[in-house]
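Enquirer: Take this structure, written in C-alpha cells, and hold onto it; I'll ask about it next.
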Amino acid sequence: MSHSQEGHPKFLQHHFSDVEQQRESAKLGMWVFLVTEILLFGGLFVFYAIYRAWYPDMFHNAHLALDVAMGTTNTIVLITSSVTIALGIRSIQLDRQKDTIWYLFATLLLAGTFMVIKYFEYMHKIHLGQLPGEWYHFDGIEGNNPHVFFSAYFLMTGLHGIHVLIGMGLITWLIFRTKAGHFSSKYYTHIEMTGLYWHLVDLIWIFLFPLFYLIG
Amino acid sequence: MSEHTNTGHKEHILPLSLYLGIGSMLLVLTAVTVWVSFFDFGEFNLVVAMIIAASKASLVALFFMHLKYDNKLYAIIFVSSLLFLAVFIIITMFDTLRRDDVYIEKSGPIQKQSLMYDSLKTHSDSTTVVDSLQVKEDTTTVDLNK
C-alpha cells in the first residue's frame, strides 16, 4: 500500500498511483469537456445549417455586410495565438519558465487584439441596426428574414467571444502561477489543459470564419 | 504503457520548427480560403470552404493538440463527438430539406409566422421585419390552413 516513495512529488494527488496516471486522467477529463463544447456549438451549427438551407440568397446578401479584412485579420491573430500558447507549453516542457511567461503573455495580447477587433465589428453592426431578431432595423439587405443571419452571427461569434474571454482569464491566471514557480517540466497540467481549450477555441473559429465571412 | 518511451518520460517535446511549420501552413490555408472565395464554384463553394477548414482543424488537432502523439483514446473521444455532430446535422437536414416531399406546405420554418412572411412578401418586398412582427401580432388567430 505504501506508495510514498521518497521524492513523492507534492503535486501528486493521493488518489493517483503516479504522475503519469494523474496527467492522463486530467487529459481524459479535458477531452470529454471539449466534446461537450463541440456539441454545445454543434447545436448552433445546426441552426446555421437549417437557415442557410432555407435562405441561401439572403445568407449571401447578408454576409456582404461583414468585413472580410477584419475577419481575416482575426483569423490570423487567433492562429498566431494558438502557435504562441503551443510554444508556451513547449517551453515549460523544457523548464524555461521565463519563455513560458512571455509566450503566455503574447497569447493574452493576441486574444485581446481579437476581442478589440470583434468589438469594432459589433459596434458597427449595432450602430447600423444589423441585429438579431426583433432588434433588426437595417434596410439594405435583400431577401427573406435577414435578421436570422445576424441572430446566427451574434449567437455563434458571441458564444465564441465568451470563450475567448474565459481563455484570457485562464491565461492570466497561468501567468501568475508560472511566475510563482508552480509549474515545471514535471508538472504543467494546467498550462497543457488551457492550451487544449485554447486550440479548441481556435478550431471553432476556423469554421466560423468561412461560414460567415466567405459565403461564396 | 505506450509506444514512444525512449526517455521513459511520456511527454513529447516537439521541435520548434514543427510548431512554426504548422503555424505557417495554417496561415497559408487561411489565405487560400479567402482567395478561393473570390471564385464561384456554384454548389461547391461551401464544400471547398469546408474542406479547407477541415484541413486546418486537422492540423490544429493533430499537432497543436498533440492527438497524433498522445494516447489514441483522446483521438477516439474527439472523433466520436464529430460523428455525433454529423448525425445531428445530417438527420436534421434530411427533415429540413425534404419536408415538402411529405407535406403540401412548402418546406420552411415551423412556426405560425412562416405563412405570414410568405404572404407579406407577395404584398410588398420592402416590408421591414419590424412591420411584419407588428402585423403578426394582430393576425395570430388567422386560420393557417387557409
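By convention in this document, the chains of the C-alpha cells carry letters A, B, ... by their order, each chain's residues are numbered from 1, and ligands are numbered from 1 in the order they are shown.
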Write out as a list in words which residues come within 7 Å of stretch 129-141 of chain A when counting only C-alpha atoms, dropping same-chain ones fewer than 4 positions away.
Expert: Asn61, Ala62, Lys125, Pro146, His147, Val148, Phe150 and Ser151 of chain A; Val130 of chain B
Enquirer: Can those selected residues be exported to a file as an mmCIF file, in the first residue's frame so that it contains C-alpha atoms?
Expert:
```cif
data_model
loop_
_atom_site.group_PDB
_atom_site.id
_atom_site.type_symbol
_atom_site.label_atom_id
_atom_site.label_comp_id
_atom_site.auth_asym_id
_atom_site.auth_seq_id
_atom_site.Cartn_x
_atom_site.Cartn_y
_atom_site.Cartn_z
ATOM 1 C CA ASN A 61 -26.602 39.047 -49.351
ATOM 2 C CA ALA A 62 -26.312 39.457 -45.584
ATOM 3 C CA LYS A 125 -23.365 46.426 -36.675
ATOM 4 C CA PRO A 146 -32.068 38.875 -42.885
ATOM 5 C CA HIS A 147 -32.347 39.223 -39.115
ATOM 6 C CA VAL A 148 -31.882 35.439 -38.921
ATOM 7 C CA PHE A 150 -27.494 38.234 -37.652
ATOM 8 C CA SER A 151 -29.065 36.033 -34.985
ATOM 9 C CA VAL B 130 -40.357 45.230 -37.601
#
```
Enquirer: Could you pull the residues within 12 Å of A:Asp202, counting only C-alpha atoms, minus those fewer than 2 positions along the same chain, as a PyMOL selection string?
Expert: (chain A and resi 74-83+85+107+110-111+114+157+160-161+163-164+167+195-200+204-209) or (chain B and resi 26+53+56-61+64-65)
Enquirer: Would you list, as number ranges by chain, the residues of stretch 4-37 of chain A that end up in helix (DSSP H, G or I) under DSSP run on this structure's backbone?
Expert: A: 19-37
Enquirer: The selected residues should be written to file as a PDB file, in the first residue's frame (atoms: N, CA and C atoms).
Expert:
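Generated output (result29.pdb):
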```pdb
ATOM      1  N   VAL A  19       2.454  10.028 -11.303  1.00  0.00           N
ATOM      2  CA  VAL A  19       2.288  11.294 -12.006  1.00  0.00           C
ATOM      3  C   VAL A  19       1.692  11.079 -13.384  1.00  0.00           C
ATOM      4  N   GLU A  20       2.153  10.008 -14.036  1.00  0.00           N
ATOM      5  CA  GLU A  20       1.683   9.737 -15.387  1.00  0.00           C
ATOM      6  C   GLU A  20       0.177   9.484 -15.403  1.00  0.00           C
ATOM      7  N   GLN A  21      -0.287   8.702 -14.432  1.00  0.00           N
ATOM      8  CA  GLN A  21      -1.721   8.398 -14.368  1.00  0.00           C
ATOM      9  C   GLN A  21      -2.517   9.680 -14.104  1.00  0.00           C
ATOM     10  N   GLN A  22      -1.994  10.532 -13.243  1.00  0.00           N
ATOM     11  CA  GLN A  22      -2.674  11.787 -12.927  1.00  0.00           C
ATOM     12  C   GLN A  22      -2.793  12.653 -14.179  1.00  0.00           C
ATOM     13  N   ARG A  23      -1.697  12.698 -14.937  1.00  0.00           N
ATOM     14  CA  ARG A  23      -1.663  13.510 -16.152  1.00  0.00           C
ATOM     15  C   ARG A  23      -2.670  13.005 -17.182  1.00  0.00           C
ATOM     16  N   GLU A  24      -2.640  11.687 -17.382  1.00  0.00           N
ATOM     17  CA  GLU A  24      -3.526  11.097 -18.391  1.00  0.00           C
ATOM     18  C   GLU A  24      -4.993  11.272 -17.997  1.00  0.00           C
ATOM     19  N   SER A  25      -5.272  11.172 -16.704  1.00  0.00           N
ATOM     20  CA  SER A  25      -6.652  11.342 -16.243  1.00  0.00           C
ATOM     21  C   SER A  25      -7.121  12.762 -16.490  1.00  0.00           C
ATOM     22  N   ALA A  26      -6.250  13.717 -16.172  1.00  0.00           N
ATOM     23  CA  ALA A  26      -6.613  15.116 -16.384  1.00  0.00           C
ATOM     24  C   ALA A  26      -6.907  15.358 -17.866  1.00  0.00           C
ATOM     25  N   LYS A  27      -6.066  14.784 -18.700  1.00  0.00           N
ATOM     26  CA  LYS A  27      -6.236  14.975 -20.134  1.00  0.00           C
ATOM     27  C   LYS A  27      -7.526  14.326 -20.626  1.00  0.00           C
ATOM     28  N   LEU A  28      -7.812  13.146 -20.109  1.00  0.00           N
ATOM     29  CA  LEU A  28      -9.046  12.458 -20.484  1.00  0.00           C
ATOM     30  C   LEU A  28     -10.251  13.327 -20.120  1.00  0.00           C
ATOM     31  N   GLY A  29     -10.228  13.864 -18.896  1.00  0.00           N
ATOM     32  CA  GLY A  29     -11.326  14.728 -18.455  1.00  0.00           C
ATOM     33  C   GLY A  29     -11.446  15.946 -19.343  1.00  0.00           C
ATOM     34  N   MET A  30     -10.309  16.522 -19.720  1.00  0.00           N
ATOM     35  CA  MET A  30     -10.327  17.718 -20.554  1.00  0.00           C
ATOM     36  C   MET A  30     -10.931  17.402 -21.918  1.00  0.00           C
ATOM     37  N   TRP A  31     -10.571  16.258 -22.483  1.00  0.00           N
ATOM     38  CA  TRP A  31     -11.105  15.916 -23.802  1.00  0.00           C
ATOM     39  C   TRP A  31     -12.609  15.676 -23.741  1.00  0.00           C
ATOM     40  N   VAL A  32     -13.062  15.067 -22.654  1.00  0.00           N
ATOM     41  CA  VAL A  32     -14.510  14.876 -22.511  1.00  0.00           C
ATOM     42  C   VAL A  32     -15.196  16.241 -22.432  1.00  0.00           C
ATOM     43  N   PHE A  33     -14.570  17.174 -21.709  1.00  0.00           N
ATOM     44  CA  PHE A  33     -15.125  18.525 -21.648  1.00  0.00           C
ATOM     45  C   PHE A  33     -15.153  19.172 -23.041  1.00  0.00           C
ATOM     46  N   LEU A  34     -14.069  18.995 -23.794  1.00  0.00           N
ATOM     47  CA  LEU A  34     -14.025  19.589 -25.140  1.00  0.00           C
ATOM     48  C   LEU A  34     -15.129  19.004 -26.023  1.00  0.00           C
ATOM     49  N   VAL A  35     -15.438  17.714 -25.818  1.00  0.00           N
ATOM     50  CA  VAL A  35     -16.532  17.094 -26.566  1.00  0.00           C
ATOM     51  C   VAL A  35     -17.848  17.818 -26.266  1.00  0.00           C
ATOM     52  N   THR A  36     -18.085  18.119 -24.981  1.00  0.00           N
ATOM     53  CA  THR A  36     -19.326  18.833 -24.649  1.00  0.00           C
ATOM     54  C   THR A  36     -19.329  20.224 -25.273  1.00  0.00           C
ATOM     55  N   GLU A  37     -18.155  20.827 -25.391  1.00  0.00           N
ATOM     56  CA  GLU A  37     -18.063  22.129 -26.040  1.00  0.00           C
ATOM     57  C   GLU A  37     -18.434  22.034 -27.520  1.00  0.00           C
TER      58      GLU A  37
END
```
Enquirer: Could you give me, as CSV, a per-residue list for chain B showing, wherever an atom lies at most 8 Å from an atom of chain A, the closest pair of atoms and their distance in Å to one decimal, using only C-alpha atoms and sorting by chain then residue number from low to high?
Expert:
```
residue,atom,partner,partner_atom,distance
B:Lys10,CA,A:Glu20,CA,7.7
B:Glu11,CA,A:Gln93,CA,7.9
B:Ile13,CA,A:Arg90,CA,6.2
B:Leu14,CA,A:Arg90,CA,7.3
B:Leu16,CA,A:Leu87,CA,7.5
B:Tyr19,CA,A:Val83,CA,6.5
B:Leu20,CA,A:Val83,CA,7.2
B:Gly23,CA,A:Val83,CA,6.1
B:Leu26,CA,A:Ile79,CA,7.1
B:Leu27,CA,A:Ile76,CA,6.5
B:Thr30,CA,A:Thr75,CA,7.5
B:Thr33,CA,A:Pro210,CA,7.5
B:Val34,CA,A:Leu214,CA,7.0
B:Ser37,CA,A:Gly216,CA,5.6
B:Phe38,CA,A:Gly216,CA,7.4
B:Phe39,CA,A:Gly216,CA,7.6
B:Asp40,CA,A:Gly216,CA,6.4
B:Phe41,CA,A:Gly216,CA,7.9
B:Gly42,CA,A:Gly216,CA,7.7
B:Asn45,CA,A:Gly216,CA,5.3
B:Leu46,CA,A:Gly216,CA,7.0
B:Ala49,CA,A:Pro210,CA,6.3
B:Met50,CA,A:Phe207,CA,7.4
B:Ala53,CA,A:Phe207,CA,5.8
B:Ala54,CA,A:Phe207,CA,7.9
B:Lys56,CA,A:Ile206,CA,7.2
B:Ala57,CA,A:Leu203,CA,5.5
B:Val60,CA,A:His199,CA,6.9
B:Ala61,CA,A:His199,CA,7.7
B:Phe64,CA,A:Ala86,CA,6.2
B:Met65,CA,A:Leu196,CA,5.8
B:Tyr74,CA,A:Trp31,CA,6.4
B:Ile77,CA,A:Val32,CA,7.1
B:Phe78,CA,A:Val35,CA,6.2
B:Ser81,CA,A:Val35,CA,5.7
B:Leu82,CA,A:Ile38,CA,7.9
B:Leu85,CA,A:Gly42,CA,6.2
B:Phe88,CA,A:Val46,CA,7.5
B:Ile89,CA,A:Val46,CA,5.6
B:Thr92,CA,A:Val46,CA,7.6
B:Met93,CA,A:Ile50,CA,6.7
B:Thr96,CA,A:Ile50,CA,6.7
B:Leu97,CA,A:Ala53,CA,7.4
B:Gly108,CA,A:Trp54,CA,6.4
B:Thr128,CA,A:Asp139,CA,7.5
B:Val129,CA,A:Asn145,CA,7.0
B:Val130,CA,A:Glu134,CA,6.4
B:Leu133,CA,A:Glu134,CA,7.7
```
Enquirer: Measure the distance from atom CA of B:Gly21 to atom CA of B:Leu62 in Å and round it to one decimal.
Expert: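 Atom CA of B:Gly21 sits 13.3 Å away from atom CA of B:Leu62.
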Enquirer: Using only C-alpha atoms, determine which residues lie at most 12 Å from A:Ala180, disregarding the query and same-chain residues fewer than 5 positions distant; provide the list as a PyMOL selection string.
Expert: chain A and resi 97-98+101+173-175
Enquirer: Pull C-alpha atoms from the residues just selected and write them as a CSV table (one decimal), in the first residue's frame.
Expert:
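File produced: part_7.csv:
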```csv
chain,number,residue,atom,x,y,z
A,97,GLN,CA,9.6,29.3,-17.2
A,98,LYS,CA,10.6,32.8,-18.4
A,101,ILE,CA,5.5,33.6,-19.3
A,173,TRP,CA,-4.1,33.0,-14.0
A,174,LEU,CA,-1.4,30.8,-15.6
A,175,ILE,CA,1.0,33.7,-16.0
```
Enquirer: If you measure from atom CA of A:Met70 to atom CA of A:Phe212, what distance in Å do you get, rounded to one decimal?
Expert: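 Between atom CA of A:Met70 and atom CA of A:Phe212 the gap is 12.1 Å.
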Enquirer: What separation in Å, quoted to one decimal, exists between atom CA of A:Asp57 and atom CA of A:Tyr119?
Expert: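 Separating atom CA of A:Asp57 from atom CA of A:Tyr119 is a distance of 27.2 Å.
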